[in-house]
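Engineer: Before we start, here is the structure in question, set down as structure tokens.
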There are 4 protein chains.
Amino acid sequence: MKIGIIGAGRIGKVHAESVTRFVKNATVEAIADPFMNDKTEQWAKELGIPKIYKDYKKILADPEIQAVLICSSTDTHSPISLEAVKAGKHIFCEKPIDHDVAKIKQVIDALKGTSLKYQVGFNRRFDHNFRAAKAAVAAGKIGELNTLSITSRDPGAPPVSYIKVSGGIFLDMTIHDFDMVRFVSGDEVEEVYASGAVLVDPEIGKAGDIDTAIITLKLKSGAIAVVNNCRRASYGYDQRLEAFGSLGQVEVQNDTDSTAVISDANGVTKEKPKYFFLERYMAAYTAEIESFVNAVEKDTPVEVGVNDGLQPVLIGLAATLSVKENRPVKIAEIAAEYAL
Amino acid sequence: MKIGIIGAGRIGKVHAESVTRFVKNATVEAIADPFMNDKTEQWAKELGIPKIYKDYKKILADPEIQAVLICSSTDTHSPISLEAVKAGKHIFCEKPIDHDVAKIKQVIDALKGTSLKYQVGFNRRFDHNFRAAKAAVAAGKIGELNTLSITSRDPGAPPVSYIKVSGGIFLDMTIHDFDMVRFVSGDEVEEVYASGAVLVDPEIGKAGDIDTAIITLKLKSGAIAVVNNCRRASYGYDQRLEAFGSLGQVEVQNDTDSTAVISDANGVTKEKPKYFFLERYMAAYTAEIESFVNAVEKDTPVEVGVNDGLQPVLIGLAATLSVKENRPVKIAEIAAEYAL
Amino acid sequence: MKIGIIGAGRIGKVHAESVTRFVKNATVEAIADPFMNDKTEQWAKELGIPKIYKDYKKILADPEIQAVLICSSTDTHSPISLEAVKAGKHIFCEKPIDHDVAKIKQVIDALKGTSLKYQVGFNRRFDHNFRAAKAAVAAGKIGELNTLSITSRDPGAPPVSYIKVSGGIFLDMTIHDFDMVRFVSGDEVEEVYASGAVLVDPEIGKAGDIDTAIITLKLKSGAIAVVNNCRRASYGYDQRLEAFGSLGQVEVQNDTDSTAVISDANGVTKEKPKYFFLERYMAAYTAEIESFVNAVEKDTPVEVGVNDGLQPVLIGLAATLSVKENRPVKIAEIAAEYAL
Amino acid sequence: MKIGIIGAGRIGKVHAESVTRFVKNATVEAIADPFMNDKTEQWAKELGIPKIYKDYKKILADPEIQAVLICSSTDTHSPISLEAVKAGKHIFCEKPIDHDVAKIKQVIDALKGTSLKYQVGFNRRFDHNFRAAKAAVAAGKIGELNTLSITSRDPGAPPVSYIKVSGGIFLDMTIHDFDMVRFVSGDEVEEVYASGAVLVDPEIGKAGDIDTAIITLKLKSGAIAVVNNCRRASYGYDQRLEAFGSLGQVEVQNDTDSTAVISDANGVTKEKPKYFFLERYMAAYTAEIESFVNAVEKDTPVEVGVNDGLQPVLIGLAATLSVKENRPVKIAEIAAEYAL
């Protein structure tokens, strides 16, 4: 199976290397980036990618290529998705499909009636820790789910210039946690109440966003989820989860580079969590592409479908409205706006 | 210093034994309980308590007794407090002072102009773990507080008969967590949003209460606290806290009976948390009485004053209203009702 | 039951306070110390001890006293034991009974034919952690014991003046670990090989002792134990144990003052172990006396008998010889010297 | 740089995949195995290895190949090493070079005067945990090393047929731990005392070997190391280390597949260690080959040289003699036998 990668930024490169090194039965046939330069071209050649372009349309037009990985800037995800569907390519699209629900709907509509696979890049579903939590819940080890608590903090806030085009913390950062709520619970969110604050950087507040939030989510089953977000944790990328139920609790902790513990006159000290998403989720990035290739090859359902791309956006919009109006907001209220 | 204990139930006995065994410069001079029976009398005699009564008024009338510990049923806390103030006794009162804010106000008013000490029995403030968390926050080790997360779960729900007179989960159980929010943050709560569910026992729902809740609290500083409650945890009494700030995080875990870890073909297993409050907080019960005796002896402020008894009740009432009307409720709204 | 305490040093005081506060059916009737001074007398009076002496013989002569706790200097343990047996007192004797096996034999011989209880102060047998390890082994949770590893390090070395009269590290410090080997394994030691070094303080070496050691012990069952000793651990009192067997392993870790963990830019840090034996084993000191009182009252066997006092001394002497001659030494070789 | 792999068994395949996927500037040009079959050939072709042989001499004769990885059976390591030296190839040789010191000496002698690199496959030196321990010790974080404790247990014993040709537990299994002692301490072993037992399988005893051992090693610096070995741990591959020194201690724990912890009525349970060496050390296998390729490319010293291959064999022979004669054995005694 030959793959074309659209976008040769950080995540595009991660996927290119994963496919080349690890993913059986798949090779990277082409990579395209409007900012393709000598250095990136050199990297692509060393990796053995035969076709290197500035224009992604050449990838869509290539009959040898069966599937594309859309790793370009967020605003191009949905339009390129639509073009790729027309070109008959299977699609792996980085999250989010779009911040605009109407555009996600267009992608959903375009896919109808085709047999094309469409997977969304929620990489955490492939993380060994979250997968272990999901497995424990799904196996009934904690009984009925009662509460689900996610702690999700970045090591540091992105530049304010990025914040301004990010869609806000809920669509940019918490969207992964909303996906985790759905993934681990196997349930849907009905209502959101979000409490936000600007505690990291006043510039983020001036840009109309928040940097710290506690979000409560009521699930269809009656269970309650809560997400604890901050754009900055001095000790690194904090990615933990606790699922509590009628029979017990499963929790997953952060990963570290080693298990070393030093005891001295100052205390008993272990390592900080792995620094950020590339360190923590590298294996997950490979696993999600393997899963996608496998779904295409065997014509089985993708593990993270287009609806899994839509739902966290709806939750994120509800959370945004909740902070703005300081009230709980039903997902149905957002969905109704878009006639979903 | 001679102490009279009003109420010889479980917690009255705990305090009697603490004073007798551990608290320097204090002895139990008398104990009273309307249901005083042979067995309790025998226990009191063995402990060396000279005066054993059915009627607590004998304690209030005893000029040798300087201080009383009010350990009777909740509905008697505020009236006996008023009588004890009149009798000129220093008072240690089990939590809550009352579910009715108006009655707490009466106690506050009665104390005005006196030099009597009045301490409320929020024992967790004297727990080694929560004290270590508070100390870390107060020492600036986590920088500015951003979020505070409390997990508080009982090993099992009380009988529904108790639930019915408990004042509801927020005034009965979460009230301790509301106190912890104030204690660890050193801040006041401005607004509450509570999300509740009946997931443990439908009978609790029929009694008009909930058994599972996530409560979000906005603090004056802008920090956000969240409490994760359940009336039942299969693995025991779950009492943890994480305070996260600009420089880092402090978390405290559960206590266990031993540090033993068994590794076998099934996994690597350590002990469950200590079973319930008597096991977990026994040392804290002693420490709070020591603190009270010390405050009386040295005429220093008590560590948990009458306002510390009032505030969590206001928060609890706000949380109750929040669930009822599914909206965030400001503490000021509750306070205004009572002209506070 | 009335108890006399012989020796009002640190450990005598600990026992006096334990008996007074915690031990049911027992009171301290008298305490004696040749260096009894005003301050100690004041302390004893406040504790409510009626009889305060310089001469322990007054305790032995007191017909009201049923049992004595021998907490005097090590060299007096065996002679006072002999006198106490003659006086018909039950005896709790701090470890070691003596460094001289011949003198221990005299005590054993003196006890023959009497119905007196004789318990040795191996307090670690009453520690919650080691007791949990012992319980797991005894319950078969690790199957057949294969290896037993003990880490035992003091926070700092005692003065060289003490080292000189201590009997050497094996009789002074490791003797507790030898007792733990016997306690947890339920087995006897057959042979010892000890490797020692002077790595903490050269003055200890000049005094003819070592400060760091690894001791290998072959048990009768074929299992092997190993003790890892050092007179100085910068991070506090290090008291851990791992018992490994055919079905798994049980390990016990150090205790800490709280479970607080601080995560910041420097790492994820928990507290150091409790500082030294008084902090770590305070509850064990009470439990051993409770056990002794109980054995006297109910006429049941003591939990740590006179042979439990003898065996670790034999092992310690074997270890001492092993280091001196750099060869494995059989316990039988030492026992034979004393015609045991 | 083109590499030839001699031996296509489990570890040869691991190295072939590592080089192909991860190691920059190196490719597998050829692989040879006397038992080369269709399945292995198919695997090699899919991996893109151009030359597939039964006879390793074709690799040695190939002028395009600069370096060989010797992954054949242990008895062939030293003769093939000698041939490879003659053929002018850089050599990575799986451990041990040989059980016979004389044959290792031949390899050392053959390398003299050449500029060939010779690295020994002590993979644990490249494990993230042991490397973190080594780094802490080397950085002075624990001060002067006093004791070093290694726990090293396999999940299960190999077949007795393997035991018989293994050279015994010390040359087969403990040899890695002896290497770790040298690696982490940066010191040399002077004397060994080993205590062994047959506790896992009597058949191992009948084959003249032991399956459980505690080995004490005196280092030149005066520090003492101890290795705790067993051929069977019910809970998986147990690979831990504690280095204790004048300023503190560093310890490394086992790795697990995830950080999931389940709390329920039975306890608080985390995962067992990763099952065995392929699971635990997969990344280390890649890292050691990267290190070797790097040393060849940049003409820098290898990280694990031929003397690092020799020393653990001497220690292993000393340990074997120690068990046989139940006495401490100096490494110099073994070295003298071979005129080293």
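Every chain in the structure tokens has a letter given in the order shown (A, B, ...), and although residue numbers restart at 1 in each chain, ligands are simply numbered from 1 in the order shown.
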What are the closest atom pairs, with distances in Å to one decimal, for all residues of chain D lying within 6 Å of chain C? Consider only C-alpha atoms, order rows by chain and residue number, and present the result as a tab-separated table.
Structural biologist:
residue	atom	partner	partner_atom	distance
D:Ser234	CA	C:Gly248	CA	5.4
D:Leu247	CA	C:Ser234	CA	5.6
D:Gly248	CA	C:Ser234	CA	5.4
D:Arg327	CA	C:Arg327	CA	5.9
Engineer: I need the residues from that last selection saved to file as a compact mmCIF listing (two decimals), in the first residue's frame (with N, CA and C atoms), if you can.
Structural biologist:
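The new file out_37.txt reads:
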# COMPACT_ATOMS: atom_id res chain seq x y z
N SER D 234 7.99 -15.78 39.51
CA SER D 234 6.61 -16.00 39.05
C SER D 234 6.02 -14.76 38.40
N LEU D 247 26.52 9.87 49.86
CA LEU D 247 25.54 10.96 49.80
C LEU D 247 24.11 10.51 49.56
N GLY D 248 23.94 9.25 49.25
CA GLY D 248 22.58 8.79 49.00
C GLY D 248 22.54 7.53 48.19
N ARG D 327 34.29 -21.01 49.54
CA ARG D 327 35.27 -20.05 50.07
C ARG D 327 35.32 -18.84 49.15
Engineer: Select from range 106-191 of chain C everything DSSP, run on the backbone, classes as strand (DSSP E), then give the selection as a PDB file with C-alpha atoms, in the first residue's frame.
Structural biologist:
ATOM      1  CA  TYR C 118      11.227 -13.932  79.582  1.00  0.00           C
ATOM      2  CA  GLN C 119      10.817 -11.747  76.506  1.00  0.00           C
ATOM      3  CA  VAL C 120      13.648 -10.137  74.541  1.00  0.00           C
ATOM      4  CA  LEU C 145      11.074 -19.079  50.588  1.00  0.00           C
ATOM      5  CA  ASN C 146      14.112 -18.909  48.292  1.00  0.00           C
ATOM      6  CA  THR C 147      15.924 -15.711  49.231  1.00  0.00           C
ATOM      7  CA  LEU C 148      15.425 -13.056  51.869  1.00  0.00           C
ATOM      8  CA  SER C 149      17.070  -9.652  51.454  1.00  0.00           C
ATOM      9  CA  ILE C 150      17.244  -7.091  54.224  1.00  0.00           C
ATOM     10  CA  THR C 151      18.449  -3.539  53.845  1.00  0.00           C
ATOM     11  CA  SER C 152      19.222  -1.959  57.197  1.00  0.00           C
ATOM     12  CA  ARG C 153      21.019   1.347  57.450  1.00  0.00           C
ATOM     13  CA  VAL C 189      20.672 -20.003  60.148  1.00  0.00           C
ATOM     14  CA  GLU C 190      23.309 -22.637  59.481  1.00  0.00           C
ATOM     15  CA  GLU C 191      26.221 -20.697  58.056  1.00  0.00           C
TER      16      GLU C 191
END
Engineer: Taking 5 positions as the minimum chain separation for residues in the same chain, which residues sit within 10 Å of Lys89 in chain A when counting only C-alpha atoms? Answer as a VMD selection string.
Structural biologist: chain A and resid 3 to 4 59 to 63 65 to 69 81 83 to 84 115 to 118
Engineer: Skipping near chain neighbours, those fewer than 5 positions away, what residues fall within 8 Å of His77 in chain D using only C-alpha atoms, listed as an mmCIF file with C-alpha atoms, in the first residue's frame?
Structural biologist:
data_model
loop_
_atom_site.group_PDB
_atom_site.id
_atom_site.type_symbol
_atom_site.label_atom_id
_atom_site.label_comp_id
_atom_site.auth_asym_id
_atom_site.auth_seq_id
_atom_site.Cartn_x
_atom_site.Cartn_y
_atom_site.Cartn_z
ATOM 1 C CA ILE D 70 28.477 -12.486 15.541
ATOM 2 C CA CYS D 71 25.154 -13.907 16.716
ATOM 3 C CA SER D 72 25.899 -17.594 16.252
ATOM 4 C CA CYS D 93 30.135 -10.212 19.267
ATOM 5 C CA GLU D 94 27.293 -11.475 21.394
ATOM 6 C CA PRO D 96 30.099 -14.280 26.111
ATOM 7 C CA ILE D 97 33.140 -14.241 23.847
ATOM 8 C CA ASP D 98 33.848 -17.685 25.225
#
Engineer: Return as a ChimeraX atom specification the full set of residues in range 265-337 of chain A whose backbone-based DSSP assignment is alpha helix (DSSP H).
Structural biologist: /A:277-298,306-325,331-337
Engineer: Provide the CA of Met36 in chain C to CA of Gly48 in chain B distance in Å, to one decimal place.
Structural biologist: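 Between these atoms lies a distance of 29.1 Å.
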Engineer: Suppose you want the space between CA of Val252 in chain D and CA of Val261 in chain C; what is it in Å?
Structural biologist: 18.5 Å
Engineer: So that I can see what lies close to Ala8 in chain D, please list as a PyMOL selection string the residues with an atom at most 7 Å from it, counting only C-alpha atoms and leaving out residues fewer than 5 positions away in the same chain.
Structural biologist: chain D and resi 13+31-33
Engineer: Would you kindly return, as a ChimeraX atom specification, each protein, DNA or RNA residue with an atom no farther than 8 Å from any atom of range 158-169 of chain C, considering only C-alpha atoms and excluding same-chain residues fewer than 2 positions away?
Structural biologist: /C:99,156,171-174,203-204,207-211,320
Engineer: I want to know what sits within 10 Å of Ala332 in chain A, based on only C-alpha atoms, with residues of the same chain fewer than 3 positions away left out; could you give that as a VMD selection string?
Structural biologist: chain A and resid 189 to 191 314 to 315 318 329 335 to 340
Engineer: Would you mind reading off the distance between CA of Ser185 in chain C and CA of Ser78 in chain C, one decimal, in Å?
Structural biologist: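 We find that CA of Ser185 in chain C and CA of Ser78 in chain C lie 27.6 Å from each other.
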